[in-house]
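Containing PDB, C-alpha atoms (C1' of nucleotides): final_23.pdb.
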ATOM      1  CA  MET A   1     102.536  52.955  64.165
ATOM      2  CA  GLY A   2     103.637  54.367  67.422
ATOM      3  CA  ARG A   3     106.947  53.880  69.100
ATOM      4  CA  LEU A   4     107.875  57.479  69.637
ATOM      5  CA  SER A   5     110.802  58.950  71.500
ATOM      6  CA  ILE A   6     110.090  62.085  73.476
ATOM      7  CA  GLY A   7     111.780  64.158  70.815
ATOM      8  CA  GLU A   8     109.628  62.722  68.041
ATOM      9  CA  LEU A   9     106.521  63.283  70.123
ATOM     10  CA  ALA A  10     107.590  66.858  70.716
ATOM     11  CA  ARG A  11     108.105  67.451  66.987
ATOM     12  CA  LYS A  12     104.773  65.876  66.087
ATOM     13  CA  THR A  13     102.793  67.907  68.583
ATOM     14  CA  GLY A  14     104.730  71.110  68.918
ATOM     15  CA  VAL A  15     104.915  70.621  72.668
ATOM     16  CA  HIS A  16     108.283  71.146  74.323
ATOM     17  CA  ILE A  17     110.127  68.102  75.641
ATOM     18  CA  GLU A  18     110.264  69.602  79.115
ATOM     19  CA  THR A  19     106.561  70.256  78.999
ATOM     20  CA  ILE A  20     105.837  66.650  78.044
ATOM     21  CA  ARG A  21     107.841  65.440  81.036
ATOM     22  CA  TYR A  22     105.997  68.007  83.137
ATOM     23  CA  PHE A  23     102.617  66.728  81.928
ATOM     24  CA  GLU A  24     103.683  63.226  82.853
ATOM     25  CA  LYS A  25     104.809  64.347  86.290
ATOM     26  CA  ILE A  26     101.512  66.041  87.097
ATOM     27  CA  GLY A  27      99.532  63.103  85.740
ATOM     28  CA  MET A  28      98.082  64.885  82.732
ATOM     29  CA  LEU A  29      99.759  62.395  80.430
ATOM     30  CA  GLY A  30     100.129  58.721  81.339
ATOM     31  CA  ALA A  31     103.562  57.317  82.126
ATOM     32  CA  PRO A  32     104.994  55.765  78.967
ATOM     33  CA  ASP A  33     107.016  52.589  78.590
ATOM     34  CA  ARG A  34     110.751  52.762  78.950
ATOM     35  CA  THR A  35     113.646  51.256  77.086
ATOM     36  CA  ALA A  36     116.110  49.113  79.017
ATOM     37  CA  GLY A  37     118.197  52.233  79.421
ATOM     38  CA  GLY A  38     115.314  54.305  80.766
ATOM     39  CA  HIS A  39     114.334  56.328  77.726
ATOM     40  CA  ARG A  40     110.620  57.024  77.348
ATOM     41  CA  VAL A  41     108.728  55.242  74.570
ATOM     42  CA  PHE A  42     105.360  56.782  73.721
ATOM     43  CA  ASP A  43     102.580  55.281  71.630
ATOM     44  CA  ASP A  44      99.708  56.576  69.510
ATOM     45  CA  GLY A  45      97.536  56.990  72.584
ATOM     46  CA  HIS A  46      99.995  59.431  74.047
ATOM     47  CA  LEU A  47     100.176  61.257  70.743
ATOM     48  CA  ARG A  48      96.393  61.594  70.626
ATOM     49  CA  THR A  49      96.143  62.721  74.222
ATOM     50  CA  LEU A  50      98.902  65.267  73.878
ATOM     51  CA  LYS A  51      97.334  66.719  70.737
ATOM     52  CA  PHE A  52      94.047  66.897  72.606
ATOM     53  CA  ILE A  53      95.625  68.732  75.513
ATOM     54  CA  LYS A  54      97.345  71.156  73.224
ATOM     55  CA  ARG A  55      94.247  71.951  71.230
ATOM     56  CA  ALA A  56      92.103  72.393  74.322
ATOM     57  CA  ARG A  57      94.663  74.776  75.810
ATOM     58  CA  GLU A  58      94.810  76.723  72.572
ATOM     59  CA  LEU A  59      91.028  77.038  72.672
ATOM     60  CA  GLY A  60      91.362  78.601  76.089
ATOM     61  CA  PHE A  61      90.224  75.737  78.309
ATOM     62  CA  ALA A  62      91.870  76.036  81.709
ATOM     63  CA  PRO A  63      94.290  73.270  82.724
ATOM     64  CA  LYS A  64      91.785  71.945  85.238
ATOM     65  CA  GLU A  65      89.061  71.845  82.606
ATOM     66  CA  VAL A  66      91.374  69.986  80.268
ATOM     67  CA  ARG A  67      92.042  67.442  82.962
ATOM     68  CA  THR A  68      88.318  66.937  83.524
ATOM     69  CA  LEU A  69      87.726  66.590  79.801
ATOM     70  CA  LEU A  70      90.461  63.980  79.672
ATOM     71  CA  ASP A  71      88.940  62.099  82.593
ATOM     72  CA  LEU A  72      85.500  62.201  80.986
ATOM     73  CA  GLY A  73      86.509  61.531  77.427
ATOM     74  CA  GLY A  74      89.130  59.012  78.318
ATOM     75  CA  PRO A  75      87.707  55.620  79.199
ATOM     76  CA  ALA A  76      85.192  55.547  76.319
ATOM     77  CA  GLU A  77      82.288  55.928  78.741
ATOM     78  CA  ALA A  78      82.286  59.551  77.681
ATOM     79  CA  CYS A  79      79.487  61.436  79.346
ATOM     80  CA  CYS A  80      78.273  64.055  76.966
ATOM     81  CA  ASP A  81      76.373  65.873  79.710
ATOM     82  CA  GLU A  82      79.411  66.827  81.682
ATOM     83  CA  VAL A  83      81.513  67.588  78.659
ATOM     84  CA  ARG A  84      78.722  69.830  77.451
ATOM     85  CA  GLU A  85      78.583  71.584  80.827
ATOM     86  CA  ILE A  86      82.240  72.421  80.676
ATOM     87  CA  ALA A  87      81.978  73.618  77.109
ATOM     88  CA  ILE A  88      78.983  75.800  77.918
ATOM     89  CA  HIS A  89      80.657  77.246  80.967
ATOM     90  CA  HIS A  90      83.690  78.012  78.883
ATOM     91  CA  LEU A  91      81.505  79.557  76.231
ATOM     92  CA  GLU A  92      79.917  81.876  78.778
ATOM     93  CA  GLU A  93      83.329  83.043  79.891
ATOM     94  CA  VAL A  94      84.386  83.599  76.333
ATOM     95  CA  ARG A  95      81.307  85.747  75.730
ATOM     96  CA  ARG A  96      81.903  87.762  78.878
ATOM     97  CA  LYS A  97      85.482  88.337  77.847
ATOM     98  CA  ILE A  98      84.446  89.455  74.375
ATOM     99  CA  ASP A  99      82.063  91.982  75.923
ATOM    100  CA  ASP A 100      84.720  93.344  78.254
ATOM    101  CA  LEU A 101      87.280  93.616  75.530
ATOM    102  CA  THR A 102      84.842  95.263  73.143
ATOM    103  CA  ARG A 103      84.053  97.908  75.729
ATOM    104  CA  LEU A 104      87.750  98.413  76.326
ATOM    105  CA  GLU A 105      88.385  98.634  72.608
ATOM    106  CA  ARG A 106      85.846 101.421  72.198
ATOM    107  CA  HIS A 107      87.229 103.187  75.228
ATOM    108  CA  LEU A 108      90.829 102.938  74.081
ATOM    109  CA  THR A 109      90.020 103.976  70.533
ATOM    110  CA  ALA A 110      88.213 107.074  71.721
ATOM    111  CA  THR A 111      90.984 107.866  74.145
ATOM    112  CA  VAL A 112      93.806 107.483  71.670
ATOM    113  CA  GLU A 113      91.963 109.709  69.210
ATOM    114  CA  GLN A 114      91.702 112.391  71.849
ATOM    115  CA  CYS A 115      95.401 112.144  72.464
ATOM    116  CA  SER A 116      97.360 114.948  70.903
ATOM    117  CA  GLY A 117     100.610 113.054  70.912
ATOM    118  CA  GLY A 118     102.494 116.024  72.261
ATOM    119  CA  HIS A 119     103.978 116.744  75.638
ATOM    120  CA  VAL A 120     101.073 117.966  77.605
ATOM    121  CA  PRO A 121     100.453 117.815  81.310
ATOM    122  CA  ASP A 122      97.122 116.115  80.828
ATOM    123  CA  CYS A 123      97.051 112.809  79.050
ATOM    124  CA  ALA A 124      93.774 111.250  78.014
ATOM    125  CA  VAL A 125      95.094 107.722  78.479
ATOM    126  CA  ILE A 126      96.333 108.365  81.972
ATOM    127  CA  ASP A 127      93.053 110.084  82.760
ATOM    128  CA  MET A 128      91.136 107.086  81.536
ATOM    129  CA  LEU A 129      93.104 104.781  83.746
ATOM    130  CA  GLU A 130      92.652 107.013  86.748
ATOM    131  CA  THR A 131      88.928 107.084  86.320
ATOM    132  CA  ALA A 132      87.219 104.479  88.385
ATOM    133  CA  ARG A 133      85.202 101.898  86.519
ATOM    134  CA  PRO A 134      81.562 103.025  86.187
TER     135      PRO A 134
ATOM    136  CA  MET B   1      92.370 112.814 104.035
ATOM    137  CA  GLY B   2      94.772 109.973 103.896
ATOM    138  CA  ARG B   3      96.290 108.156 106.796
ATOM    139  CA  LEU B   4      95.394 104.647 105.831
ATOM    140  CA  SER B   5      96.408 101.386 107.401
ATOM    141  CA  ILE B   6      97.118  98.559 105.018
ATOM    142  CA  GLY B   7      93.771  96.991 105.885
ATOM    143  CA  GLU B   8      91.858 100.152 105.085
ATOM    144  CA  LEU B   9      93.732 100.515 101.824
ATOM    145  CA  ALA B  10      92.889  96.915 100.971
ATOM    146  CA  ARG B  11      89.197  97.505 101.661
ATOM    147  CA  LYS B  12      89.130 100.726  99.649
ATOM    148  CA  THR B  13      90.801  99.206  96.613
ATOM    149  CA  GLY B  14      89.804  95.583  96.732
ATOM    150  CA  VAL B  15      93.445  94.568  96.595
ATOM    151  CA  HIS B  16      94.590  91.896  99.052
ATOM    152  CA  ILE B  17      96.845  92.969 101.898
ATOM    153  CA  GLU B  18      99.510  90.502 100.836
ATOM    154  CA  THR B  19      99.361  91.820  97.304
ATOM    155  CA  ILE B  20      99.841  95.390  98.524
ATOM    156  CA  ARG B  21     102.957  94.324 100.408
ATOM    157  CA  TYR B  22     104.044  92.437  97.295
ATOM    158  CA  PHE B  23     103.591  95.534  95.126
ATOM    159  CA  GLU B  24     105.686  97.488  97.579
ATOM    160  CA  LYS B  25     108.408  94.844  97.538
ATOM    161  CA  ILE B  26     108.695  94.806  93.757
ATOM    162  CA  GLY B  27     108.655  98.582  93.605
ATOM    163  CA  MET B  28     105.261  98.936  91.936
ATOM    164  CA  LEU B  29     103.975 100.907  94.924
ATOM    165  CA  GLY B  30     106.180 103.341  96.850
ATOM    166  CA  ALA B  31     107.245 102.504 100.377
ATOM    167  CA  PRO B  32     104.826 104.147 102.808
ATOM    168  CA  ASP B  33     105.559 105.837 106.125
ATOM    169  CA  ARG B  34     105.625 103.718 109.226
ATOM    170  CA  THR B  35     104.316 104.143 112.729
ATOM    171  CA  ALA B  36     106.763 103.960 115.608
ATOM    172  CA  GLY B  37     105.861 100.307 115.868
ATOM    173  CA  GLY B  38     106.468  99.599 112.213
ATOM    174  CA  HIS B  39     102.945  99.546 110.820
ATOM    175  CA  ARG B  40     102.567 100.963 107.308
ATOM    176  CA  VAL B  41     100.777 104.285 106.918
ATOM    177  CA  PHE B  42      99.588 105.021 103.394
ATOM    178  CA  ASP B  43      98.368 108.321 101.990
ATOM    179  CA  ASP B  44      96.077 109.440  99.181
ATOM    180  CA  GLY B  45      98.882 109.092  96.674
ATOM    181  CA  HIS B  46      99.181 105.418  97.447
ATOM    182  CA  LEU B  47      95.434 105.046  97.202
ATOM    183  CA  ARG B  48      95.408 106.694  93.784
ATOM    184  CA  THR B  49      98.343 104.655  92.527
ATOM    185  CA  LEU B  50      96.920 101.388  93.755
ATOM    186  CA  LYS B  51      93.560 102.126  92.136
ATOM    187  CA  PHE B  52      95.405 102.970  88.957
ATOM    188  CA  ILE B  53      97.317  99.692  89.030
ATOM    189  CA  LYS B  54      94.177  97.723  89.673
ATOM    190  CA  ARG B  55      92.210  99.341  86.896
ATOM    191  CA  ALA B  56      95.024  98.975  84.390
ATOM    192  CA  ARG B  57      95.348  95.285  85.253
ATOM    193  CA  GLU B  58      91.607  94.816  84.928
ATOM    194  CA  LEU B  59      91.786  96.387  81.497
ATOM    195  CA  GLY B  60      94.349  93.813  80.554
ATOM    196  CA  PHE B  61      97.531  95.869  80.609
ATOM    197  CA  ALA B  62     100.467  93.602  81.415
ATOM    198  CA  PRO B  63     102.289  94.225  84.709
ATOM    199  CA  LYS B  64     105.274  95.599  82.806
ATOM    200  CA  GLU B  65     103.062  97.960  80.855
ATOM    201  CA  VAL B  66     101.468  99.127  84.072
ATOM    202  CA  ARG B  67     104.890  99.859  85.468
ATOM    203  CA  THR B  68     105.829 101.873  82.412
ATOM    204  CA  LEU B  69     102.564 103.785  82.594
ATOM    205  CA  LEU B  70     103.267 104.539  86.228
ATOM    206  CA  ASP B  71     106.776 105.736  85.433
ATOM    207  CA  LEU B  72     105.466 107.942  82.631
ATOM    208  CA  GLY B  73     102.420 109.248  84.367
ATOM    209  CA  GLY B  74     104.080 109.599  87.706
ATOM    210  CA  PRO B  75     106.452 112.539  87.924
ATOM    211  CA  ALA B  76     104.067 114.964  86.190
ATOM    212  CA  GLU B  77     106.387 115.179  83.192
ATOM    213  CA  ALA B  78     103.962 112.808  81.552
ATOM    214  CA  CYS B  79     104.937 112.086  77.993
ATOM    215  CA  CYS B  80     101.789 111.593  75.978
ATOM    216  CA  ASP B  81     103.726 110.068  73.079
ATOM    217  CA  GLU B  82     104.914 107.032  74.969
ATOM    218  CA  VAL B  83     101.669 106.565  76.795
ATOM    219  CA  ARG B  84      99.894 106.705  73.473
ATOM    220  CA  GLU B  85     102.262 104.084  72.035
ATOM    221  CA  ILE B  86     101.512 101.696  74.835
ATOM    222  CA  ALA B  87      97.802 102.283  74.501
ATOM    223  CA  ILE B  88      97.866 101.727  70.742
ATOM    224  CA  HIS B  89      99.909  98.576  71.103
ATOM    225  CA  HIS B  90      97.509  97.358  73.699
ATOM    226  CA  LEU B  91      94.594  98.238  71.471
ATOM    227  CA  GLU B  92      95.988  96.091  68.672
ATOM    228  CA  GLU B  93      96.276  93.152  71.000
ATOM    229  CA  VAL B  94      92.765  93.708  72.270
ATOM    230  CA  ARG B  95      91.425  93.632  68.728
ATOM    231  CA  ARG B  96      93.337  90.464  67.917
ATOM    232  CA  LYS B  97      92.011  88.851  71.074
ATOM    233  CA  ILE B  98      88.440  89.817  70.253
ATOM    234  CA  ASP B  99      88.810  88.228  66.813
ATOM    235  CA  ASP B 100      90.222  85.013  68.270
ATOM    236  CA  LEU B 101      87.536  84.755  70.884
ATOM    237  CA  THR B 102      84.773  85.489  68.427
ATOM    238  CA  ARG B 103      85.925  82.631  66.218
ATOM    239  CA  LEU B 104      86.109  80.372  69.245
ATOM    240  CA  GLU B 105      82.661  81.478  70.320
ATOM    241  CA  ARG B 106      81.129  80.497  66.985
ATOM    242  CA  HIS B 107      82.965  77.206  67.074
ATOM    243  CA  LEU B 108      81.853  76.385  70.597
ATOM    244  CA  THR B 109      78.282  77.463  69.985
ATOM    245  CA  ALA B 110      77.975  75.261  66.927
ATOM    246  CA  THR B 111      79.548  72.357  68.765
ATOM    247  CA  VAL B 112      77.371  72.623  71.817
ATOM    248  CA  GLU B 113      74.256  72.806  69.664
ATOM    249  CA  GLN B 114      75.236  69.570  67.973
ATOM    250  CA  CYS B 115      75.597  67.969  71.361
ATOM    251  CA  SER B 116      72.677  65.775  72.290
ATOM    252  CA  GLY B 117      73.407  65.885  75.973
ATOM    253  CA  GLY B 118      72.863  62.170  76.315
ATOM    254  CA  HIS B 119      75.209  59.315  76.938
ATOM    255  CA  VAL B 120      76.512  58.592  73.515
ATOM    256  CA  PRO B 121      79.808  57.198  72.439
ATOM    257  CA  ASP B 122      80.491  60.141  70.176
ATOM    258  CA  CYS B 123      80.594  63.586  71.647
ATOM    259  CA  ALA B 124      80.771  66.633  69.435
ATOM    260  CA  VAL B 125      82.826  68.564  71.956
ATOM    261  CA  ILE B 126      85.391  65.820  72.323
ATOM    262  CA  ASP B 127      85.451  65.443  68.565
ATOM    263  CA  MET B 128      86.087  69.114  68.150
ATOM    264  CA  LEU B 129      88.980  68.967  70.529
ATOM    265  CA  GLU B 130      90.434  65.939  68.830
ATOM    266  CA  THR B 131      90.246  67.488  65.409
ATOM    267  CA  ALA B 132      93.444  69.180  64.430
ATOM    268  CA  ARG B 133      93.178  72.885  63.843
ATOM    269  CA  PRO B 134      92.656  73.642  60.121
TER     270      PRO B 134
ATOM    271  C1'  DT C   1     133.259  46.101  67.788
ATOM    272  C1'  DG C   2     134.448  50.820  68.809
ATOM    273  C1'  DT C   3     133.568  55.558  68.955
ATOM    274  C1'  DA C   4     131.481  59.820  68.414
ATOM    275  C1'  DC C   5     127.651  62.669  68.711
ATOM    276  C1'  DG C   6     123.025  63.614  69.161
ATOM    277  C1'  DT C   7     119.331  62.562  72.135
ATOM    278  C1'  DC C   8     117.757  61.510  76.415
ATOM    279  C1'  DC C   9     117.808  61.039  81.611
ATOM    280  C1'  DT C  10     117.144  63.049  86.569
ATOM    281  C1'  DG C  11     117.195  66.651  89.632
ATOM    282  C1'  DT C  12     117.251  71.230  90.799
ATOM    283  C1'  DA C  13     116.273  76.015  90.218
ATOM    284  C1'  DG C  14     114.088  79.770  88.109
ATOM    285  C1'  DT C  15     110.102  82.604  86.224
ATOM    286  C1'  DA C  16     105.782  85.886  87.156
ATOM    287  C1'  DG C  17     102.446  87.235  89.976
ATOM    288  C1'  DA C  18     100.694  86.561  93.385
ATOM    289  C1'  DT C  19      98.718  83.869  97.773
ATOM    290  C1'  DA C  20      99.233  81.488 102.226
ATOM    291  C1'  DT C  21     101.224  80.295 106.471
ATOM    292  C1'  DA C  22     103.824  80.594 110.951
ATOM    293  C1'  DG C  23     105.140  82.934 114.759
ATOM    294  C1'  DG C  24     105.541  87.112 116.816
ATOM    295  C1'  DT C  25     104.400  92.466 117.664
ATOM    296  C1'  DT C  26     101.488  96.606 117.826
ATOM    297  C1'  DC C  27      97.347  99.240 118.151
ATOM    298  C1'  DA C  28      93.082 100.759 119.980
ATOM    299  C1'  DA C  29      88.726 100.099 122.375
ATOM    300  C1'  DG C  30      86.774  99.385 126.747
TER     301       DG C  30
ATOM    302  C1'  DC D   1      95.710  97.880 131.550
ATOM    303  C1'  DT D   2      94.001  94.156 129.372
ATOM    304  C1'  DT D   3      92.414  91.846 125.306
ATOM    305  C1'  DG D   4      91.653  90.837 120.664
ATOM    306  C1'  DA D   5      91.958  92.440 116.059
ATOM    307  C1'  DA D   6      95.122  93.983 112.947
ATOM    308  C1'  DC D   7      99.633  94.187 111.687
ATOM    309  C1'  DC D   8     104.685  92.761 111.124
ATOM    310  C1'  DT D   9     108.556  89.745 108.730
ATOM    311  C1'  DA D  10     110.094  85.750 106.590
ATOM    312  C1'  DT D  11     109.411  81.847 104.277
ATOM    313  C1'  DA D  12     106.816  78.620 101.605
ATOM    314  C1'  DT D  13     103.414  77.520  98.225
ATOM    315  C1'  DC D  14     100.974  77.881  93.914
ATOM    316  C1'  DT D  15     100.411  77.413  88.503
ATOM    317  C1'  DA D  16     102.220  76.277  84.337
ATOM    318  C1'  DC D  17     105.936  75.935  82.654
ATOM    319  C1'  DT D  18     111.096  76.763  81.174
ATOM    320  C1'  DA D  19     116.023  76.252  81.806
ATOM    321  C1'  DC D  20     119.943  74.564  83.260
ATOM    322  C1'  DA D  21     123.840  71.020  84.960
ATOM    323  C1'  DG D  22     125.956  66.853  84.758
ATOM    324  C1'  DG D  23     125.676  62.486  83.317
ATOM    325  C1'  DA D  24     123.723  58.161  80.678
ATOM    326  C1'  DC D  25     121.921  56.187  76.474
ATOM    327  C1'  DG D  26     121.406  54.892  71.504
ATOM    328  C1'  DT D  27     122.620  54.566  66.852
ATOM    329  C1'  DA D  28     125.096  55.377  62.530
ATOM    330  C1'  DC D  29     129.250  54.745  60.587
ATOM    331  C1'  DA D  30     134.114  52.939  60.230
TER     332       DA D  30
END
Mind turning this structure into structure tokens?
Amino acid sequence: MGRLSIGELARKTGVHIETIRYFEKIGMLGAPDRTAGGHRVFDDGHLRTLKFIKRARELGFAPKEVRTLLDLGGPAEACCDEVREIAIHHLEEVRRKIDDLTRLERHLTATVEQCSGGHVPDCAVIDMLETARP
Amino acid sequence: MGRLSIGELARKTGVHIETIRYFEKIGMLGAPDRTAGGHRVFDDGHLRTLKFIKRARELGFAPKEVRTLLDLGGPAEACCDEVREIAIHHLEEVRRKIDDLTRLERHLTATVEQCSGGHVPDCAVIDMLETARP
DNA sequence: TGTACGTCCTGTAGTAGATATAGGTTCAAG
DNA sequence: CTTGAACCTATATCTACTACAGGACGTACA
């Protein structure tokens, strides 16, 4: 079971040591116990929380959203409503982003195809960028 | 024609005044003329450049890429080759991002659908976040 | 028990890319 | 010629970390 040094925690989660200390400082991760000499001693709860944070960040949840999710999901009185709200909001943003990027992808593909690749005064890419958004 | 104060330029481009000064400081935007009293006076070139920067950022080009595009597209000796390279590289990243987001979108959608919305001890969203990535 | 070396500690500073504030100056309309 | 909006510089703040410097701790081995 858990009596992890910061280094072990870092290896198990893939989160940098400095980042773990940073998370503690900003209150994202609870303050761990300390040895007599002052070294941090983490437990399984910290491991779980840190993995949660990491995964949520990887999935694109903003730091503030992660914090809210932690607050909601933390003390076992998890309120599905609010968690759901955040997830749905995030989902909407993801969809919007996909749309934007898909448009850009089409635009860029067409532009690059037009591009001769030579040294010409007029460049399709530059033109595209100079054109105001419709 | 162009004899724009910084405020007018900000209104025409939607870029904050402070950000315009910031762009000037870091060399992204050329230093404008000044009135006798020291107020900045921009011209159409600045307007064009600032619009270009804004659009490129909106399209997801990194600040460094924008700078390179400006350098290439700037002095009329525009080299289509390099511009094309940047665009293609960017296009690859856009496609990768679309893939990632699409996967996330499916994942989130499925999760949210599973979610009852009530006050239950187990929440699909929280579960999803606590599950290690496959 | 000693010692050596890896790990850990705090504190500070740096990063990008802005954004905000404080305190003072200039411009332009009436 | 006044008044108020807009502008000026300089410095500080922000987010989300990352990177030192200089020193203290912990543990494996002799």
Run the PyMOL selection byres ((chain D and resi 20) around 12) on the file and write out the hits as a PyMOL selection string.
(chain A and resi 18) or (chain C and resi 11-14) or (chain D and resi 18-19+21-22)
Determine, for each residue of chain D having at least one atom at most 8 Å from an atom of chain B, the closest pair of atoms and their separation in Å to one decimal, counting all atoms listed in the file; order by chain and ascending number, as a tab-separated table.
residue	atom	partner	partner_atom	distance
D:DA6	C1'	B:Gly7	CA	7.8
D:DC7	C1'	B:His39	CA	6.4
D:DC8	C1'	B:His39	CA	7.0
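Note that the spacing between CA of Ala62 in chain B and CA of Thr102 in chain B amounts to 21.9 Å.
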Counting all atoms listed in the file, which residues sit no farther than 12 Å from the position (106.3, 66.6, 67.8) in the file's frame? I'd like them as JSON, numbers by chain.
{"A": [4, 5, 6, 7, 8, 9, 10, 11, 12, 13, 14, 15, 16, 17, 19, 20, 42, 46, 47, 48, 50, 51, 54]}
Ile88 in chain B: which residues within 9 Å, counting all atoms listed in the file, same-chain residues fewer than 4 positions away excluded, as a list in words?
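Near neighbours after the sequence-gap exclusion: Leu108, Thr109 and Val112 of chain A; Val83, Arg84, Glu92 and Glu93 of chain B.
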Given the PyMOL selection byres ((chain C) within 8 of (chain B)) and the file above, list the residues it selects as a PDB file with C-alpha atoms (C1' of nucleotides), in the frame of the given file.
ATOM      1  C1'  DA C  18     100.694  86.561  93.385  1.00  0.00           C
ATOM      2  C1'  DT C  19      98.718  83.869  97.773  1.00  0.00           C
ATOM      3  C1'  DT C  26     101.488  96.606 117.826  1.00  0.00           C
TER       4       DT C  26
END
Could you tell me how far CA of Gly30 in chain B lies from CA of Gly45 in chain B, in Å and to one decimal?
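Going from CA of Gly30 in chain B over to CA of Gly45 in chain B, I get 9.3 Å.
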Using all atoms listed in the file, which residue out of A:Arg67, A:Arg96, A:Arg55, A:Arg3 lies closest to chain B?
A:Arg55
Can you tell me how far C1' of DC17 in chain D sits from CA of Gly27 in chain B, in Å to one decimal?
25.3 Å
Closest of B:Leu91, B:Ile86, B:Ala110, B:Met28 to chain A - atom-to-atom distances counting all atoms listed in the file
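Among the listed residues, the smallest separation from chain A belongs to B:Leu91.
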Given 3 Å of margin on each side, can you work out the centre and size in Å (one decimal) of an axis-aligned box holding every listed atom of range 32-42 of chain A, as JSON?
{"center_x": 111.6, "center_y": 53.1, "center_z": 77.2, "size_x": 19.2, "size_y": 13.9, "size_z": 13.0}
